[in-house]
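Next comes query39.tsv, a file with TSV, C-alpha atoms and all ligand atoms.
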chain	number	residue	atom	x	y	z
A	1	MET	CA	-189.89	128.34	-78.57
A	2	LEU	CA	-186.82	128.16	-76.37
A	3	ALA	CA	-187.81	131.49	-74.77
A	4	LEU	CA	-191.28	130.11	-74.01
A	5	ILE	CA	-189.76	127.03	-72.40
A	6	SER	CA	-187.01	128.77	-70.40
A	7	SER	CA	-189.39	131.46	-69.09
A	8	GLY	CA	-191.88	128.77	-68.05
A	9	VAL	CA	-194.64	130.33	-70.17
A	10	ALA	CA	-195.17	127.12	-72.15
A	11	VAL	CA	-193.57	123.89	-70.98
A	12	THR	CA	-195.32	121.16	-72.97
A	13	ARG	CA	-195.56	120.55	-76.70
A	14	ALA	CA	-199.30	121.23	-76.59
A	15	GLU	CA	-198.86	124.56	-74.80
A	16	ILE	CA	-196.20	125.65	-77.28
A	17	ALA	CA	-198.49	124.77	-80.19
A	18	ARG	CA	-201.28	126.80	-78.60
A	19	ARG	CA	-199.06	129.83	-77.89
A	20	THR	CA	-197.33	129.89	-81.29
A	21	GLY	CA	-200.17	128.71	-83.52
A	22	LEU	CA	-197.80	126.18	-85.10
A	23	ALA	CA	-198.89	122.65	-86.01
A	24	ARG	CA	-198.23	119.99	-83.36
A	25	SER	CA	-195.99	118.07	-85.75
A	26	THR	CA	-193.85	121.16	-86.44
A	27	VAL	CA	-193.53	121.86	-82.72
A	28	SER	CA	-192.54	118.27	-82.01
A	29	LEU	CA	-189.82	118.24	-84.68
A	30	ARG	CA	-188.41	121.45	-83.34
A	31	VAL	CA	-188.55	120.35	-79.70
A	32	ASP	CA	-186.82	117.07	-80.60
A	33	ALA	CA	-184.03	119.07	-82.27
A	34	LEU	CA	-183.68	121.30	-79.19
A	35	ILE	CA	-183.41	118.22	-77.00
A	36	ALA	CA	-180.90	116.55	-79.35
A	37	HIS	CA	-178.69	119.65	-79.32
A	38	GLY	CA	-178.69	119.99	-75.55
A	39	PHE	CA	-180.83	123.12	-75.24
A	40	VAL	CA	-183.84	121.45	-73.63
A	41	ASP	CA	-184.53	118.64	-71.16
A	42	GLU	CA	-187.64	116.55	-71.20
A	43	GLY	CA	-188.62	115.67	-67.67
A	44	ALA	CA	-191.42	114.34	-65.57
A	45	GLU	CA	-194.96	114.03	-66.82
A	46	ALA	CA	-197.10	117.13	-66.36
A	47	PRO	CA	-200.64	116.83	-65.01
A	48	SER	CA	-203.02	115.91	-67.80
A	49	THR	CA	-206.68	116.44	-68.41
A	50	GLY	CA	-206.92	113.09	-70.14
A	51	GLY	CA	-205.13	110.90	-72.63
A	52	ARG	CA	-201.36	110.43	-72.53
A	53	PRO	CA	-199.82	112.78	-69.95
A	54	PRO	CA	-197.56	115.41	-71.59
A	55	ARG	CA	-193.92	115.62	-70.56
A	56	ARG	CA	-192.58	118.81	-69.06
A	57	LEU	CA	-189.84	120.66	-70.97
A	58	SER	CA	-187.18	122.82	-69.36
A	59	LEU	CA	-184.02	124.68	-70.30
A	60	ARG	CA	-181.06	122.30	-69.98
A	61	THR	CA	-178.59	123.80	-67.54
A	62	ARG	CA	-176.41	120.76	-66.77
A	63	GLY	CA	-173.34	120.17	-68.88
A	64	TYR	CA	-173.19	123.68	-70.31
A	65	ALA	CA	-171.86	126.98	-69.06
A	66	VAL	CA	-171.14	130.55	-70.11
A	67	ALA	CA	-168.21	132.62	-68.91
A	68	GLY	CA	-168.55	136.18	-67.56
A	69	ILE	CA	-165.25	138.01	-67.43
A	70	ASP	CA	-164.84	141.33	-65.65
A	71	ILE	CA	-161.56	143.05	-66.40
A	72	GLY	CA	-160.97	146.09	-64.20
A	73	ALA	CA	-158.09	148.52	-63.90
A	74	SER	CA	-156.43	146.41	-61.22
A	75	HIS	CA	-158.36	143.14	-61.00
A	76	CYS	CA	-159.97	140.48	-63.11
A	77	ARG	CA	-162.89	138.32	-62.11
A	78	VAL	CA	-163.85	135.22	-64.05
A	79	ALA	CA	-167.23	133.63	-63.38
A	80	LEU	CA	-168.93	130.55	-64.78
A	81	LEU	CA	-172.71	130.51	-64.87
A	82	ASP	CA	-175.02	127.82	-66.15
A	83	VAL	CA	-177.18	128.90	-69.09
A	84	GLY	CA	-180.09	129.38	-66.68
A	85	GLY	CA	-178.06	132.14	-65.05
A	86	ALA	CA	-177.02	130.40	-61.82
A	87	LEU	CA	-173.51	131.22	-60.63
A	88	LEU	CA	-171.34	128.07	-60.57
A	89	VAL	CA	-167.99	129.46	-59.55
A	90	ALA	CA	-166.06	132.75	-59.62
A	91	ARG	CA	-162.49	133.75	-59.03
A	92	GLU	CA	-160.86	137.14	-58.65
A	93	ASP	CA	-157.17	137.94	-59.09
A	94	PRO	CA	-155.23	141.19	-58.83
A	95	LEU	CA	-154.04	142.24	-62.26
A	96	THR	CA	-152.82	145.41	-63.95
A	97	ILE	CA	-154.71	146.27	-67.10
A	98	ALA	CA	-151.89	148.58	-68.18
A	99	ASP	CA	-149.68	145.47	-68.62
A	100	GLY	CA	-151.43	145.13	-71.98
A	101	PRO	CA	-153.77	142.63	-73.63
A	102	GLU	CA	-151.40	139.66	-74.07
A	103	ALA	CA	-150.43	139.49	-70.39
A	104	VAL	CA	-153.93	140.18	-69.08
A	105	LEU	CA	-155.85	137.93	-71.47
A	106	GLY	CA	-153.29	135.14	-71.08
A	107	HIS	CA	-153.99	135.18	-67.35
A	108	VAL	CA	-157.75	135.20	-67.95
A	109	GLU	CA	-157.43	132.26	-70.35
A	110	ARG	CA	-155.60	130.14	-67.77
A	111	THR	CA	-158.12	131.00	-65.06
A	112	LEU	CA	-161.04	130.14	-67.32
A	113	ARG	CA	-159.53	126.77	-68.27
A	114	THR	CA	-159.01	125.92	-64.61
A	115	LEU	CA	-162.57	126.87	-63.72
A	116	LEU	CA	-164.01	124.89	-66.64
A	117	GLU	CA	-162.22	121.77	-65.46
A	118	THR	CA	-163.34	122.10	-61.88
A	119	ALA	CA	-166.80	123.70	-62.05
A	120	GLY	CA	-169.74	121.66	-60.88
A	121	GLY	CA	-167.71	118.87	-59.37
A	122	ALA	CA	-166.41	116.01	-61.48
A	123	ALA	CA	-167.96	116.72	-64.87
A	124	SER	CA	-166.42	119.50	-66.92
A	125	ARG	CA	-168.75	121.88	-68.70
A	126	THR	CA	-169.05	122.78	-72.36
A	127	LEU	CA	-168.91	126.50	-73.02
A	128	ARG	CA	-171.75	128.07	-74.98
A	129	ALA	CA	-170.37	131.64	-75.16
A	130	ILE	CA	-168.14	134.16	-73.40
A	131	GLY	CA	-168.96	137.70	-72.27
A	132	VAL	CA	-166.32	140.26	-71.34
A	133	GLY	CA	-166.58	143.68	-69.68
A	134	VAL	CA	-163.67	146.13	-69.91
A	135	PRO	CA	-163.16	149.55	-68.28
A	136	GLY	CA	-163.18	151.64	-71.46
A	137	PRO	CA	-165.21	152.50	-74.55
A	138	VAL	CA	-165.92	149.55	-76.84
A	139	GLU	CA	-167.30	149.41	-80.36
A	140	PHE	CA	-169.82	146.70	-79.57
A	141	SER	CA	-170.25	145.33	-83.10
A	142	THR	CA	-166.55	144.41	-83.30
A	143	GLY	CA	-165.86	144.06	-79.57
A	144	ARG	CA	-162.78	146.26	-79.86
A	145	PRO	CA	-161.80	148.97	-77.38
A	146	VAL	CA	-161.61	152.47	-78.88
A	147	ASP	CA	-158.99	154.82	-77.41
A	148	PRO	CA	-159.54	153.54	-73.86
A	149	PRO	CA	-157.87	156.08	-71.53
A	150	ILE	CA	-156.75	153.66	-68.79
A	151	MET	CA	-155.95	150.69	-71.07
A	152	PRO	CA	-152.65	151.45	-72.85
A	153	GLY	CA	-151.95	148.96	-75.65
A	154	TRP	CA	-155.60	147.88	-75.99
A	155	HIS	CA	-156.79	150.28	-78.71
A	156	HIS	CA	-158.51	148.17	-81.39
A	157	TYR	CA	-157.20	144.94	-79.84
A	158	ALA	CA	-159.21	141.96	-81.14
A	159	ILE	CA	-160.47	140.66	-77.77
A	160	PRO	CA	-163.33	138.54	-79.23
A	161	GLU	CA	-160.96	136.76	-81.62
A	162	PHE	CA	-158.53	136.05	-78.77
A	163	PHE	CA	-161.21	134.00	-76.99
A	164	GLU	CA	-162.85	132.57	-80.10
A	165	GLU	CA	-159.57	131.09	-81.33
A	166	ARG	CA	-158.85	129.48	-77.96
A	167	PHE	CA	-162.30	128.31	-76.87
A	168	GLY	CA	-164.18	127.89	-80.15
A	169	VAL	CA	-167.23	129.87	-79.03
A	170	ARG	CA	-168.46	133.40	-79.67
A	171	ALA	CA	-167.12	136.10	-77.35
A	172	LEU	CA	-168.93	139.42	-76.82
A	173	VAL	CA	-167.13	142.41	-75.39
A	174	ASP	CA	-168.73	145.50	-73.89
A	175	ASN	CA	-167.95	148.44	-71.67
A	176	ASP	CA	-168.06	147.42	-67.99
A	177	VAL	CA	-170.71	149.98	-67.07
A	178	ASN	CA	-173.04	148.59	-69.77
A	179	VAL	CA	-172.77	145.03	-68.45
A	180	MET	CA	-173.29	146.23	-64.87
A	181	ALA	CA	-176.46	148.03	-65.98
A	182	LEU	CA	-177.62	144.83	-67.70
A	183	ALA	CA	-176.92	142.73	-64.60
A	184	GLU	CA	-178.76	145.09	-62.23
A	185	GLN	CA	-181.75	145.35	-64.54
A	186	ARG	CA	-182.09	141.61	-65.20
A	187	ARG	CA	-181.36	140.45	-61.65
A	188	ALA	CA	-182.44	143.19	-59.25
A	189	TRP	CA	-184.98	145.32	-61.16
A	190	PRO	CA	-186.59	143.08	-63.81
A	191	ASP	CA	-189.74	145.21	-63.83
A	192	ALA	CA	-187.83	148.42	-64.53
A	193	LEU	CA	-187.53	148.50	-68.31
A	194	HIS	CA	-185.89	151.94	-68.21
A	195	LEU	CA	-182.91	151.97	-65.91
A	196	LEU	CA	-179.72	153.98	-65.50
A	197	TYR	CA	-176.67	152.53	-63.78
A	198	LEU	CA	-174.26	155.15	-62.47
A	199	LYS	CA	-170.77	153.97	-61.68
A	200	VAL	CA	-169.07	156.37	-59.32
A	201	GLY	CA	-165.50	155.29	-58.76
A	202	THR	CA	-162.17	156.66	-59.93
A	203	GLY	CA	-164.10	157.86	-62.98
A	204	ILE	CA	-167.81	158.27	-63.56
A	205	GLY	CA	-169.89	156.53	-66.23
A	206	CYS	CA	-173.48	155.59	-66.93
A	207	GLY	CA	-175.01	152.41	-68.38
A	208	ILE	CA	-178.40	152.78	-70.03
A	209	VAL	CA	-181.12	150.15	-70.28
A	210	ALA	CA	-183.92	151.43	-72.52
A	211	ASP	CA	-187.01	149.29	-73.01
A	212	GLY	CA	-185.16	146.33	-71.50
A	213	ARG	CA	-182.15	146.57	-73.82
A	214	VAL	CA	-178.72	148.10	-73.34
A	215	HIS	CA	-178.55	151.35	-75.27
A	216	ARG	CA	-175.02	151.90	-76.61
A	217	GLY	CA	-175.52	154.75	-79.05
A	218	ALA	CA	-174.24	154.99	-82.62
A	219	ARG	CA	-170.64	154.03	-81.82
A	220	GLY	CA	-170.82	152.66	-78.29
A	221	ALA	CA	-170.15	155.96	-76.55
A	222	ALA	CA	-173.59	156.49	-74.97
A	223	GLY	CA	-173.56	157.17	-71.24
A	224	ASP	CA	-170.10	158.74	-71.08
A	225	ILE	CA	-171.30	161.34	-68.60
A	226	GLY	CA	-168.02	161.90	-66.74
A	227	HIS	CA	-167.17	164.89	-68.90
A	228	ILE	CA	-170.46	166.74	-68.77
A	229	ARG	CA	-169.89	170.19	-67.35
A	230	VAL	CA	-171.34	170.88	-63.91
A	231	GLY	CA	-172.37	174.41	-62.98
A	232	GLU	CA	-169.80	177.16	-63.40
A	233	ARG	CA	-166.92	175.32	-61.78
A	234	ASP	CA	-163.44	175.34	-63.25
A	235	ASN	CA	-161.78	172.22	-61.80
A	236	PRO	CA	-159.26	171.08	-64.44
A	237	CYS	CA	-160.01	167.63	-65.91
A	238	ARG	CA	-157.68	165.00	-67.37
A	239	CYS	CA	-159.59	165.34	-70.67
A	240	GLY	CA	-158.25	168.88	-71.12
A	241	ASN	CA	-161.50	170.67	-70.34
A	242	SER	CA	-162.53	172.04	-66.97
A	243	GLY	CA	-165.57	171.72	-64.74
A	244	CYS	CA	-166.25	168.11	-65.80
A	245	LEU	CA	-168.33	165.93	-63.44
A	246	GLU	CA	-165.39	163.55	-63.07
A	247	ALA	CA	-163.05	166.38	-62.06
A	248	ILE	CA	-165.52	167.41	-59.34
A	249	ALA	CA	-166.95	164.10	-58.08
A	250	GLY	CA	-164.69	161.28	-59.34
A	251	GLY	CA	-162.72	159.27	-56.77
A	252	ALA	CA	-159.38	160.31	-58.24
A	253	SER	CA	-160.16	164.00	-57.91
A	254	LEU	CA	-161.66	163.66	-54.40
A	255	ALA	CA	-158.57	161.76	-53.25
A	256	GLN	CA	-156.32	164.43	-54.69
A	257	ARG	CA	-158.16	167.19	-52.81
A	258	LEU	CA	-158.02	165.18	-49.58
A	259	ARG	CA	-154.26	164.78	-50.05
A	260	GLU	CA	-153.93	168.53	-50.60
A	261	SER	CA	-155.57	169.05	-47.24
A	262	GLY	CA	-152.99	166.77	-45.59
A	263	LEU	CA	-154.92	163.49	-45.42
A	264	GLU	CA	-153.67	160.15	-46.69
A	265	ALA	CA	-155.81	159.19	-49.66
A	266	ALA	CA	-154.52	157.32	-52.72
A	267	GLY	CA	-157.91	156.59	-54.27
A	268	SER	CA	-161.56	155.65	-53.83
A	269	LEU	CA	-160.91	152.97	-51.19
A	270	ASP	CA	-159.22	155.52	-48.92
A	271	ILE	CA	-162.17	157.87	-49.28
A	272	VAL	CA	-164.48	155.03	-48.22
A	273	ARG	CA	-162.20	154.34	-45.24
A	274	LEU	CA	-162.10	158.02	-44.17
A	275	VAL	CA	-165.88	158.34	-44.40
A	276	GLY	CA	-166.20	155.13	-42.37
A	277	GLU	CA	-163.95	156.67	-39.71
A	278	GLY	CA	-166.26	159.68	-39.63
A	279	ASN	CA	-163.72	162.13	-41.04
A	280	SER	CA	-165.82	165.28	-41.43
A	281	LYS	CA	-163.88	166.62	-44.41
A	282	ALA	CA	-164.29	163.36	-46.34
A	283	VAL	CA	-167.97	163.11	-45.40
A	284	ARG	CA	-168.64	166.67	-46.58
A	285	MET	CA	-166.72	166.06	-49.80
A	286	VAL	CA	-168.64	162.87	-50.65
A	287	ARG	CA	-171.95	164.64	-50.01
A	288	GLU	CA	-170.89	167.46	-52.31
A	289	ALA	CA	-169.81	164.91	-54.90
A	290	GLY	CA	-173.27	163.35	-54.60
A	291	ARG	CA	-174.88	166.74	-55.28
A	292	ALA	CA	-172.69	167.24	-58.39
A	293	VAL	CA	-173.64	163.74	-59.62
A	294	GLY	CA	-177.27	164.59	-58.83
A	295	GLU	CA	-177.06	167.81	-60.82
A	296	VAL	CA	-176.07	165.90	-63.96
A	297	LEU	CA	-178.47	163.08	-63.13
A	298	SER	CA	-181.40	165.49	-62.84
A	299	GLY	CA	-180.88	166.40	-66.49
A	300	LEU	CA	-180.67	162.72	-67.43
A	301	VAL	CA	-183.85	161.98	-65.48
A	302	ASN	CA	-185.75	164.74	-67.27
A	303	PHE	CA	-184.44	163.57	-70.62
A	304	PHE	CA	-184.73	159.80	-70.20
A	305	ASN	CA	-187.45	159.28	-67.56
A	306	PRO	CA	-186.04	156.11	-65.95
A	307	GLU	CA	-187.95	154.12	-63.34
A	308	THR	CA	-184.81	153.18	-61.48
A	309	VAL	CA	-181.36	154.69	-61.06
A	310	VAL	CA	-178.81	152.31	-59.57
A	311	VAL	CA	-175.65	153.79	-58.07
A	312	GLY	CA	-172.61	151.52	-58.01
A	313	GLY	CA	-168.83	151.79	-58.20
A	314	ALA	CA	-166.31	152.06	-55.38
A	315	LEU	CA	-167.85	155.22	-53.86
A	316	ALA	CA	-171.28	153.55	-53.65
A	317	ALA	CA	-169.85	151.80	-50.57
A	318	VAL	CA	-170.55	155.09	-48.78
A	319	HIS	CA	-174.03	155.36	-50.29
A	320	ASP	CA	-175.60	156.93	-47.19
A	321	GLN	CA	-173.57	160.07	-47.83
A	322	LEU	CA	-173.35	159.86	-51.62
A	323	LEU	CA	-177.02	159.08	-52.26
A	324	ALA	CA	-178.16	161.78	-49.84
A	325	GLY	CA	-176.48	164.36	-52.08
A	326	VAL	CA	-177.69	162.70	-55.29
A	327	ARG	CA	-181.32	162.53	-54.17
A	328	GLU	CA	-181.25	166.09	-52.86
A	329	ALA	CA	-180.17	167.47	-56.24
A	330	VAL	CA	-182.39	165.22	-58.37
A	331	TYR	CA	-185.60	165.83	-56.45
A	332	ARG	CA	-184.95	169.58	-56.39
A	333	ARG	CA	-184.20	169.94	-60.08
A	334	SER	CA	-186.07	167.21	-61.95
A	335	ASN	CA	-189.55	167.40	-63.40
A	336	PRO	CA	-192.07	166.03	-60.84
A	337	LEU	CA	-193.62	163.83	-63.51
A	338	ALA	CA	-190.22	162.17	-64.04
A	339	THR	CA	-189.47	161.77	-60.32
A	340	HIS	CA	-192.96	160.58	-59.37
A	341	VAL	CA	-192.10	156.88	-59.62
A	342	LEU	CA	-188.31	157.25	-59.64
A	343	ARG	CA	-186.20	155.09	-57.33
A	344	ILE	CA	-182.55	155.91	-56.66
A	345	GLU	CA	-180.92	152.91	-55.02
A	346	PRO	CA	-177.45	151.52	-54.31
A	347	SER	CA	-176.24	148.57	-56.41
A	348	ARG	CA	-177.57	145.22	-55.21
A	349	LEU	CA	-175.12	142.96	-56.99
A	350	GLY	CA	-171.98	144.66	-55.71
A	351	GLU	CA	-168.64	143.26	-56.78
A	352	ASN	CA	-170.11	140.50	-58.96
A	353	ALA	CA	-172.18	142.89	-61.11
A	354	ALA	CA	-169.80	143.16	-64.06
A	355	ALA	CA	-168.98	139.43	-64.29
A	356	ILE	CA	-172.65	138.48	-64.01
A	357	GLY	CA	-173.62	141.11	-66.58
A	358	ALA	CA	-170.98	139.84	-69.00
A	359	ALA	CA	-172.30	136.31	-68.51
A	360	ILE	CA	-175.89	137.48	-69.14
A	361	LEU	CA	-174.68	139.05	-72.38
A	362	ALA	CA	-173.27	135.64	-73.32
A	363	ILE	CA	-176.43	133.74	-72.31
A	364	GLU	CA	-178.74	136.08	-74.23
A	365	HIS	CA	-176.53	135.67	-77.28
A	366	ALA	CA	-176.23	131.88	-77.02
A	367	LEU	CA	-179.98	131.40	-76.54
A	368	SER	CA	-181.06	133.96	-79.15
A	369	PRO	CA	-183.24	132.53	-81.94
A	370	ALA	CA	-180.56	133.22	-84.57
A	371	GLN	CA	-177.85	131.35	-82.64
A	372	VAL	CA	-180.09	128.42	-81.73
A	373	ASP	CA	-181.18	128.12	-85.39
A	374	ARG	CA	-177.57	128.12	-86.38
A	375	ALA	CA	-176.63	125.44	-83.87
A	376	LEU	CA	-179.54	123.27	-84.98
A	377	THR	CA	-178.84	123.57	-88.71
A	378	THR	CA	-175.04	123.45	-88.78
A	379	ASP	CA	-174.63	120.87	-86.06
A	380	ALA	CA	-171.60	122.84	-84.91
A	381	THR	CA	-170.81	124.71	-81.72
A	382	ALA	CA	-172.82	127.89	-81.41
A	383	VAL	CA	-170.23	130.33	-82.70
B	401	ZN	ZN	-163.28	165.99	-68.58

Using structure tokens, write down the structure from this file.
Ligand SMILES: [Zn+2]
Amino acid sequence: MLALISSGVAVTRAEIARRTGLARSTVSLRVDALIAHGFVDEGAEAPSTGGRPPRRLSLRTRGYAVAGIDIGASHCRVALLDVGGALLVAREDPLTIADGPEAVLGHVERTLRTLLETAGGAASRTLRAIGVGVPGPVEFSTGRPVDPPIMPGWHHYAIPEFFEERFGVRALVDNDVNVMALAEQRRAWPDALHLLYLKVGTGIGCGIVADGRVHRGARGAAGDIGHIRVGERDNPCRCGNSGCLEAIAGGASLAQRLRESGLEAAGSLDIVRLVGEGNSKAVRMVREAGRAVGEVLSGLVNFFNPETVVVGGALAAVHDQLLAGVREAVYRRSNPLATHVLRIEPSRLGENAAAIGAAILAIEHALSPAQVDRALTTDATAV
């Protein structure tokens, strides 16, 4: 019922009864409960064909919020959105994930409390749920990172419990690439039910939306494409193997090769700068990186048949060069049936993608039938 109301498909009691086949009295009881628990507003009278004009129902967005938290290797971004998905406020701070969970999450907690007190002017907002994206593999059912390579001290750390104990609402934790894929699909490509999100930065990963849902695989490791072997190359990789995509096209490896040729390049941002300055070596390297990404992507396209591939991450800032290489390889190697309607596009949400995606995770949880039922029957916060 709540989905019908929030999507605008059915916004009066009579329409809901018609759509669901439920008795008017049942619908009314349920709608009254949704109103009483702050999920729904009853507003102005809708046009009527006769009799008493029905009142229009809508998702209640005032008073409530969800938090979307994007924890990166060297930054954290905390955003508050209303449950309708509108961004209320966001803040980004530099932060070192290698400082460990207590330091990082303590900082996030303080930021979130500040935002909750100040968001939307005078009135503070009640949290419905929290979503968190982290730069490493996560077992989604428990929300715990599993051997995350760039997050020392975080293995199996109970991130959901950290937030649940302090804020009294459910917290969901996912890999950052998964929440970015979710954000791009829901916000920029709602008609593309099959979407891949490629993050090309220091490392390379892929978020998968299949049939409108994030596909995480059996243990949350789906989309870890950085260590797929490309061609017959033998570039050594940090994972111990050689010829991995990340060792050929990742920002860390590109920067290293630029340094070896005498240029100043600490990481992805320097590559973006050099390409912007028209440095021919950097331009050629990014194009080659795009072709290597495209080589792996062409296999993914044949296998998965997405409608849209979104390319994000720090190197997507030079998408003219990167995407030229990607497209070249994909259209040369993929099955024409799979590429017929395929779009390969740069990220549209940019730096907010992970925080918004984490918030969408929280909204979809908080407004799911199971959680709403729970809130209505237990009279408690929707944990
Ligand atoms: Zn590797």

Nearest to Leu342 of chain A by atom-to-atom distance, counting all atoms listed in the file, from A:Glu295, A:Glu307, A:Asp176, A:Glu15: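 Looking only at the distances to Leu342 of chain A, the closest residue turns out to be A:Glu307.
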
Residues within 8 Å of ligand ZN 401 (chain B), counting all atoms listed in the file, as a list in words: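 Every residue with an atom at most 8 Å from ligand ZN 401 (chain B) is listed here: Gly226, His227, Ile228, Arg229, Pro236, Cys237, Arg238, Cys239, Gly240, Asn241, Ser242, Gly243, Cys244, Leu245, Glu246 and Ala247 of chain A.
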
Point-to-point distance from atom CA of Asp174 of chain A to atom CA of Leu115 of chain A, Å rounded to tenths: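 Atom-to-atom, atom CA of Asp174 of chain A and atom CA of Leu115 of chain A are spaced 22.1 Å apart.
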
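Between atom CA of Val27 of chain A and atom CA of Met1 of chain A there is a distance of 8.5 Å.
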
Could the residues of segment 32-107 of chain A that have an atom at most 8 Å from segment 349-355 of chain A be listed as a tab-separated table, each with its closest atom pair and the distance in Å to one decimal, counting only C-alpha atoms and ordered by chain and ascending residue number?
residue	atom	partner	partner_atom	distance
A:Gly68	CA	A:Ala355	CA	4.6
A:Ile69	CA	A:Ala355	CA	5.1
A:Asp70	CA	A:Ala355	CA	4.8
A:Arg77	CA	A:Ala355	CA	6.6
A:Val78	CA	A:Ala355	CA	6.6
A:Ala79	CA	A:Ala355	CA	6.1

Distance in Å - atom CA of Val200 of chain A versus atom CA of Gly313 of chain A: 4.7 Å

Residues within 7 Å of Gly143 of chain A, only C-alpha atoms, excluding chain neighbours under 2 positions, as a ChimeraX atom specification: /A:138-141,145,159-160,172-174

Segment 90-95 of chain A environment, 8 Å, all atoms listed in the file, sequence neighbours closer than 2 positions dropped, as a PyMOL selection string: chain A and resi 73-80+87-88+97+104+111+115

Specify the axis-aligned box that encloses all atoms of segment 221-230 of chain A listed in the file after padding of 8 Å on each side, stating its centre and edge lengths in Å to one decimal as JSON.
{"center_x": -170.4, "center_y": 163.4, "center_z": -70.2, "size_x": 22.4, "size_y": 30.9, "size_z": 28.6}
